[in-house]
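Worksheet: the structure to be examined is printed underneath.
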Amino acid sequence: DTDSELSSARTTTTWTGTRILTADYTVPAGDTLVIDAGSNIFLDDNVRLYVEGELDITGTASNPVVMAKTTTGIAHEGIQFNATSRNRGSLIQHLVIEDSEWGITIYNSNPSLNDVYIENPDYVGIDMFDNADPVIQRLTVQDGGQDVAGFSVNTRYGIAISAGASSRPIVLGATFDGLTTRGINMWGGADGYFRDISISNITHIGNQGWKTAGIWVEDSLGLFDNITVDRTDDGVW
């Protein structure tokens, strides 16, 4: 299927197989979008899936859902949960995100994210604002920022997970490797609980961008348990 215009789900919509988005798609408040295991979602440049209602991605370990760019694209903008999706019970299971600028962005919402794998996001893998408080289990962000480091006009690149503006995630199990700026980035009165986290190979590229660190905490408070930081320009800052 191809969506050539701005689109909206109606009540409960199910996607199965291959879906091509050439423009932003919005799940309206009160409605539900279900994406079945094994589905492939291809997004054009600058296209994003917005969630105002509920999003359920039902991938499995052997049959994940994959989000990637179209054959003519360079980078899409992933998924964004907005405030009206709070408490709707959105659940993402076994999702692979490739070729994105941002993986999953969350504003004042609380989806559950399980077994998400994000490959080389340009800017931020999981980006949280405005009291966002998702529960995230078994997250992997690999090689973030490699395609834009050193020349992007947006210097906020190569970050696995960022919690800001009073966000408070619970992260239970994560691997962050090969990023160009930070594994965990906390700012703006954020807090949260991070357990069983492995951070490695965080190395600055070029003359632009923010200071590199495995974990960066600024004006925030995080609880960290069983954290490994290895081969980073700076460990905890």
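Chain identifiers are assigned as A, B, and so on, following the order in which chains appear in the structure tokens; residues are numbered from 1 within each chain, and ligands are numbered from 1 in order of appearance.
The neighbours of A:Met186 here are the residues that come within 10 Å of it, using only C-alpha atoms and leaving out any residue fewer than 6 positions away in the same chain; they are Met128, Ile161, Ser162, Ala163, Gly164, Ala165, Ser166, Ser167, Arg168, Gly192, Ile215, Trp216, Val217, Glu218, Asp219, Ser220, Leu221 and Gly222 of chain A.
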May I have the selected residues written with N, CA, C and O atoms, as a compact mmCIF listing (two decimals), in the first residue's frame?
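In the end it all went to out-v4.txt:
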```
# COMPACT_ATOMS: atom_id res chain seq x y z
N MET A 128 13.08 12.07 24.92
CA MET A 128 11.93 12.28 25.82
C MET A 128 11.86 13.71 26.34
O MET A 128 12.88 14.28 26.74
N ILE A 161 19.96 7.65 24.18
CA ILE A 161 18.72 7.94 24.90
C ILE A 161 18.87 9.27 25.62
O ILE A 161 19.89 9.52 26.27
N SER A 162 17.88 10.15 25.48
CA SER A 162 17.91 11.46 26.10
C SER A 162 16.62 11.69 26.87
O SER A 162 15.53 11.54 26.32
N ALA A 163 16.77 12.02 28.16
CA ALA A 163 15.62 12.33 29.02
C ALA A 163 15.74 13.78 29.47
O ALA A 163 16.70 14.13 30.16
N GLY A 164 14.79 14.61 29.08
CA GLY A 164 14.85 16.02 29.43
C GLY A 164 13.49 16.56 29.82
O GLY A 164 12.46 15.89 29.69
N ALA A 165 13.48 17.81 30.30
CA ALA A 165 12.23 18.51 30.62
C ALA A 165 11.34 17.68 31.55
O ALA A 165 10.18 17.41 31.25
N SER A 166 11.93 17.25 32.68
CA SER A 166 11.20 16.53 33.74
C SER A 166 10.73 15.14 33.33
O SER A 166 9.82 14.59 33.94
N SER A 167 11.35 14.56 32.32
CA SER A 167 11.02 13.18 31.97
C SER A 167 11.61 12.23 33.00
O SER A 167 12.59 12.54 33.68
N ARG A 168 11.03 11.02 33.10
CA ARG A 168 11.46 10.07 34.13
C ARG A 168 11.27 8.64 33.64
O ARG A 168 10.37 7.92 34.11
N GLY A 192 14.95 9.29 36.68
CA GLY A 192 14.66 8.01 36.07
C GLY A 192 15.51 6.92 36.68
O GLY A 192 16.42 7.18 37.47
N ILE A 215 27.80 8.73 30.00
CA ILE A 215 26.60 9.23 30.68
C ILE A 215 26.79 10.70 30.98
O ILE A 215 27.81 11.09 31.56
N TRP A 216 25.84 11.53 30.62
CA TRP A 216 25.86 12.96 30.89
C TRP A 216 24.63 13.31 31.72
O TRP A 216 23.49 13.02 31.32
N VAL A 217 24.84 13.93 32.88
CA VAL A 217 23.74 14.33 33.75
C VAL A 217 23.89 15.81 34.06
O VAL A 217 24.89 16.23 34.66
N GLU A 218 22.89 16.61 33.67
CA GLU A 218 22.92 18.06 33.88
C GLU A 218 21.60 18.51 34.48
O GLU A 218 20.54 18.31 33.88
N ASP A 219 21.64 19.09 35.68
CA ASP A 219 20.43 19.58 36.36
C ASP A 219 19.37 18.49 36.47
O ASP A 219 18.17 18.74 36.32
N SER A 220 19.80 17.28 36.71
CA SER A 220 18.90 16.13 36.75
C SER A 220 19.39 15.14 37.79
O SER A 220 20.49 15.26 38.33
N LEU A 221 18.58 14.12 38.05
CA LEU A 221 18.91 13.12 39.05
C LEU A 221 18.48 11.76 38.53
O LEU A 221 17.29 11.52 38.29
N GLY A 222 19.44 10.87 38.36
CA GLY A 222 19.12 9.52 37.89
C GLY A 222 19.60 8.48 38.88
O GLY A 222 20.59 8.69 39.60
```
*Run DSSP on the backbone of this structure and report the residues of stretch 17-194 of chain A it assigns to strand (DSSP E or B), as a PyMOL selection string.*
chain A and resi 18-21+25-27+32-36+40-43+49-51+54-58+65-69+76+79-81+91-98+100+102-107+112-119+124-129+135-142+159-163+170-177+182-186+191-194
Include C-alpha atoms and write out the residues we just selected as a PDB file, in the first residue's frame.
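That gives us selection.pdb:
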```pdb
ATOM      1  CA  THR A  18       4.545  -3.872   3.453  1.00  0.00           C
ATOM      2  CA  ARG A  19       3.425  -0.280   3.963  1.00  0.00           C
ATOM      3  CA  ILE A  20       4.982   2.752   2.217  1.00  0.00           C
ATOM      4  CA  LEU A  21       4.466   6.189   3.767  1.00  0.00           C
ATOM      5  CA  TYR A  25       0.664   9.400   9.246  1.00  0.00           C
ATOM      6  CA  THR A  26      -1.275  10.271  12.412  1.00  0.00           C
ATOM      7  CA  VAL A  27      -3.082   7.862  14.732  1.00  0.00           C
ATOM      8  CA  THR A  32      -5.670   2.477  17.595  1.00  0.00           C
ATOM      9  CA  LEU A  33      -3.127   1.357  15.021  1.00  0.00           C
ATOM     10  CA  VAL A  34      -1.898  -2.250  15.183  1.00  0.00           C
ATOM     11  CA  ILE A  35       1.176  -3.281  13.189  1.00  0.00           C
ATOM     12  CA  ASP A  36       1.462  -7.045  12.823  1.00  0.00           C
ATOM     13  CA  ASN A  40       7.868  -3.685   6.837  1.00  0.00           C
ATOM     14  CA  ILE A  41       7.122   0.035   7.069  1.00  0.00           C
ATOM     15  CA  PHE A  42       9.029   2.212   4.595  1.00  0.00           C
ATOM     16  CA  LEU A  43       9.041   5.988   5.136  1.00  0.00           C
ATOM     17  CA  LEU A  49       4.439   8.272  12.330  1.00  0.00           C
ATOM     18  CA  TYR A  50       2.606  10.425  14.928  1.00  0.00           C
ATOM     19  CA  VAL A  51       0.696   8.788  17.762  1.00  0.00           C
ATOM     20  CA  GLU A  54      -2.700   4.047  20.720  1.00  0.00           C
ATOM     21  CA  LEU A  55       0.038   2.227  18.808  1.00  0.00           C
ATOM     22  CA  ASP A  56       0.535  -1.519  19.205  1.00  0.00           C
ATOM     23  CA  ILE A  57       3.467  -3.113  17.384  1.00  0.00           C
ATOM     24  CA  THR A  58       3.293  -6.884  17.765  1.00  0.00           C
ATOM     25  CA  VAL A  65       8.493  -5.238  12.604  1.00  0.00           C
ATOM     26  CA  VAL A  66      10.995  -3.193  10.565  1.00  0.00           C
ATOM     27  CA  MET A  67      10.838   0.556   9.901  1.00  0.00           C
ATOM     28  CA  ALA A  68      13.259   1.843   7.258  1.00  0.00           C
ATOM     29  CA  LYS A  69      13.686   4.434   4.518  1.00  0.00           C
ATOM     30  CA  HIS A  76      12.976   9.201   7.947  1.00  0.00           C
ATOM     31  CA  ILE A  79       7.751   7.549  15.642  1.00  0.00           C
ATOM     32  CA  GLN A  80       6.486  10.388  17.870  1.00  0.00           C
ATOM     33  CA  PHE A  81       4.130   9.896  20.816  1.00  0.00           C
ATOM     34  CA  LEU A  91       2.948  -1.285  23.441  1.00  0.00           C
ATOM     35  CA  ILE A  92       5.883  -1.767  21.096  1.00  0.00           C
ATOM     36  CA  GLN A  93       7.433  -5.231  20.903  1.00  0.00           C
ATOM     37  CA  HIS A  94      10.361  -6.337  18.726  1.00  0.00           C
ATOM     38  CA  LEU A  95      10.731  -3.305  16.499  1.00  0.00           C
ATOM     39  CA  VAL A  96      13.788  -2.624  14.325  1.00  0.00           C
ATOM     40  CA  ILE A  97      14.299   0.999  13.233  1.00  0.00           C
ATOM     41  CA  GLU A  98      16.812   1.697  10.459  1.00  0.00           C
ATOM     42  CA  SER A 100      16.217   7.334  10.874  1.00  0.00           C
ATOM     43  CA  TRP A 102      15.225  10.153  15.329  1.00  0.00           C
ATOM     44  CA  GLY A 103      14.071   6.720  16.411  1.00  0.00           C
ATOM     45  CA  ILE A 104      11.239   7.240  18.926  1.00  0.00           C
ATOM     46  CA  THR A 105      10.322  10.673  20.345  1.00  0.00           C
ATOM     47  CA  ILE A 106       8.011  10.927  23.378  1.00  0.00           C
ATOM     48  CA  TYR A 107       6.225  14.049  24.655  1.00  0.00           C
ATOM     49  CA  SER A 112       5.913   0.500  26.881  1.00  0.00           C
ATOM     50  CA  LEU A 113       8.878  -0.284  24.617  1.00  0.00           C
ATOM     51  CA  ASN A 114      10.195  -3.848  24.619  1.00  0.00           C
ATOM     52  CA  ASP A 115      13.036  -5.257  22.504  1.00  0.00           C
ATOM     53  CA  VAL A 116      13.545  -2.214  20.295  1.00  0.00           C
ATOM     54  CA  TYR A 117      16.677  -2.163  18.100  1.00  0.00           C
ATOM     55  CA  ILE A 118      17.666   1.189  16.561  1.00  0.00           C
ATOM     56  CA  GLU A 119      20.456   1.129  13.988  1.00  0.00           C
ATOM     57  CA  VAL A 124      18.697  10.569  19.119  1.00  0.00           C
ATOM     58  CA  GLY A 125      17.508   6.985  19.481  1.00  0.00           C
ATOM     59  CA  ILE A 126      14.891   7.548  22.214  1.00  0.00           C
ATOM     60  CA  ASP A 127      14.165  11.243  22.887  1.00  0.00           C
ATOM     61  CA  MET A 128      11.931  12.276  25.821  1.00  0.00           C
ATOM     62  CA  PHE A 129      10.374  15.610  26.812  1.00  0.00           C
ATOM     63  CA  VAL A 135       9.004   1.805  30.554  1.00  0.00           C
ATOM     64  CA  ILE A 136      11.755   0.535  28.266  1.00  0.00           C
ATOM     65  CA  GLN A 137      13.099  -3.019  28.344  1.00  0.00           C
ATOM     66  CA  ARG A 138      15.965  -4.566  26.358  1.00  0.00           C
ATOM     67  CA  LEU A 139      16.789  -1.567  24.180  1.00  0.00           C
ATOM     68  CA  THR A 140      19.697  -1.540  21.718  1.00  0.00           C
ATOM     69  CA  VAL A 141      21.021   1.570  19.967  1.00  0.00           C
ATOM     70  CA  GLN A 142      23.927   0.860  17.640  1.00  0.00           C
ATOM     71  CA  ILE A 159      22.833  10.086  21.383  1.00  0.00           C
ATOM     72  CA  ALA A 160      21.277   6.751  22.335  1.00  0.00           C
ATOM     73  CA  ILE A 161      18.718   7.940  24.900  1.00  0.00           C
ATOM     74  CA  SER A 162      17.912  11.462  26.097  1.00  0.00           C
ATOM     75  CA  ALA A 163      15.619  12.327  29.020  1.00  0.00           C
ATOM     76  CA  ILE A 170      12.430   3.371  33.605  1.00  0.00           C
ATOM     77  CA  VAL A 171      15.038   1.547  31.517  1.00  0.00           C
ATOM     78  CA  LEU A 172      15.589  -2.128  32.298  1.00  0.00           C
ATOM     79  CA  GLY A 173      18.337  -3.553  30.135  1.00  0.00           C
ATOM     80  CA  ALA A 174      20.030  -1.664  27.292  1.00  0.00           C
ATOM     81  CA  THR A 175      23.103  -1.788  25.060  1.00  0.00           C
ATOM     82  CA  PHE A 176      24.501   1.419  23.560  1.00  0.00           C
ATOM     83  CA  ASP A 177      27.524   1.006  21.297  1.00  0.00           C
ATOM     84  CA  ARG A 182      26.499  10.052  24.444  1.00  0.00           C
ATOM     85  CA  GLY A 183      24.945   6.844  25.635  1.00  0.00           C
ATOM     86  CA  ILE A 184      22.629   8.422  28.235  1.00  0.00           C
ATOM     87  CA  ASN A 185      21.861  12.162  28.203  1.00  0.00           C
ATOM     88  CA  MET A 186      19.877  13.744  31.079  1.00  0.00           C
ATOM     89  CA  ASP A 191      15.055  11.715  36.670  1.00  0.00           C
ATOM     90  CA  GLY A 192      14.657   8.011  36.066  1.00  0.00           C
ATOM     91  CA  TYR A 193      15.871   4.517  36.833  1.00  0.00           C
ATOM     92  CA  PHE A 194      18.474   2.784  34.639  1.00  0.00           C
TER      93      PHE A 194
END
```
*Using only C-alpha atoms, determine which residues lie at most 6 Å from A:Gly144, disregarding the query and same-chain residues fewer than 6 positions distant; provide the list as a ChimeraX atom specification.*
/A:120-122,158,179
*Nearest to A:Gly78, chosen from A:Ala61, A:Gly235, A:Asp99, A:Ser90, with only C-alpha atoms counted in the distances*: A:Asp99
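The protein and nucleic acid residues lying at most 7 Å from A:Ser109 are Phe81, Asn82, Ala83, Ser85, Arg86, Ala132, Asp133 and Pro134 of chain A, with only C-alpha atoms considered and sequence neighbours fewer than 4 positions away removed.
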*Check the smallest atom-to-atom distance from each of A:Thr70, A:Asn46, A:Gly150, A:Pro169 to A:Asn108 using only C-alpha atoms, then report the winner.*
A:Pro169
*Work out how far apart atom CA of A:Ala213 and atom CA of A:Ala149 are and give it in Å to one decimal.*
14.9 Å
*Can you tell me how far atom CA of A:Thr14 sits from atom CA of A:Thr71, in Å to one decimal?*
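We find that atom CA of A:Thr14 and atom CA of A:Thr71 lie 23.6 Å from each other.
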*Nearest-residue call for A:Arg88, choices A:Gly38, A:Pro28, A:Gln146, A:Thr180, using only C-alpha atoms*: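 Among the listed residues, the smallest separation from A:Arg88 belongs to A:Pro28.
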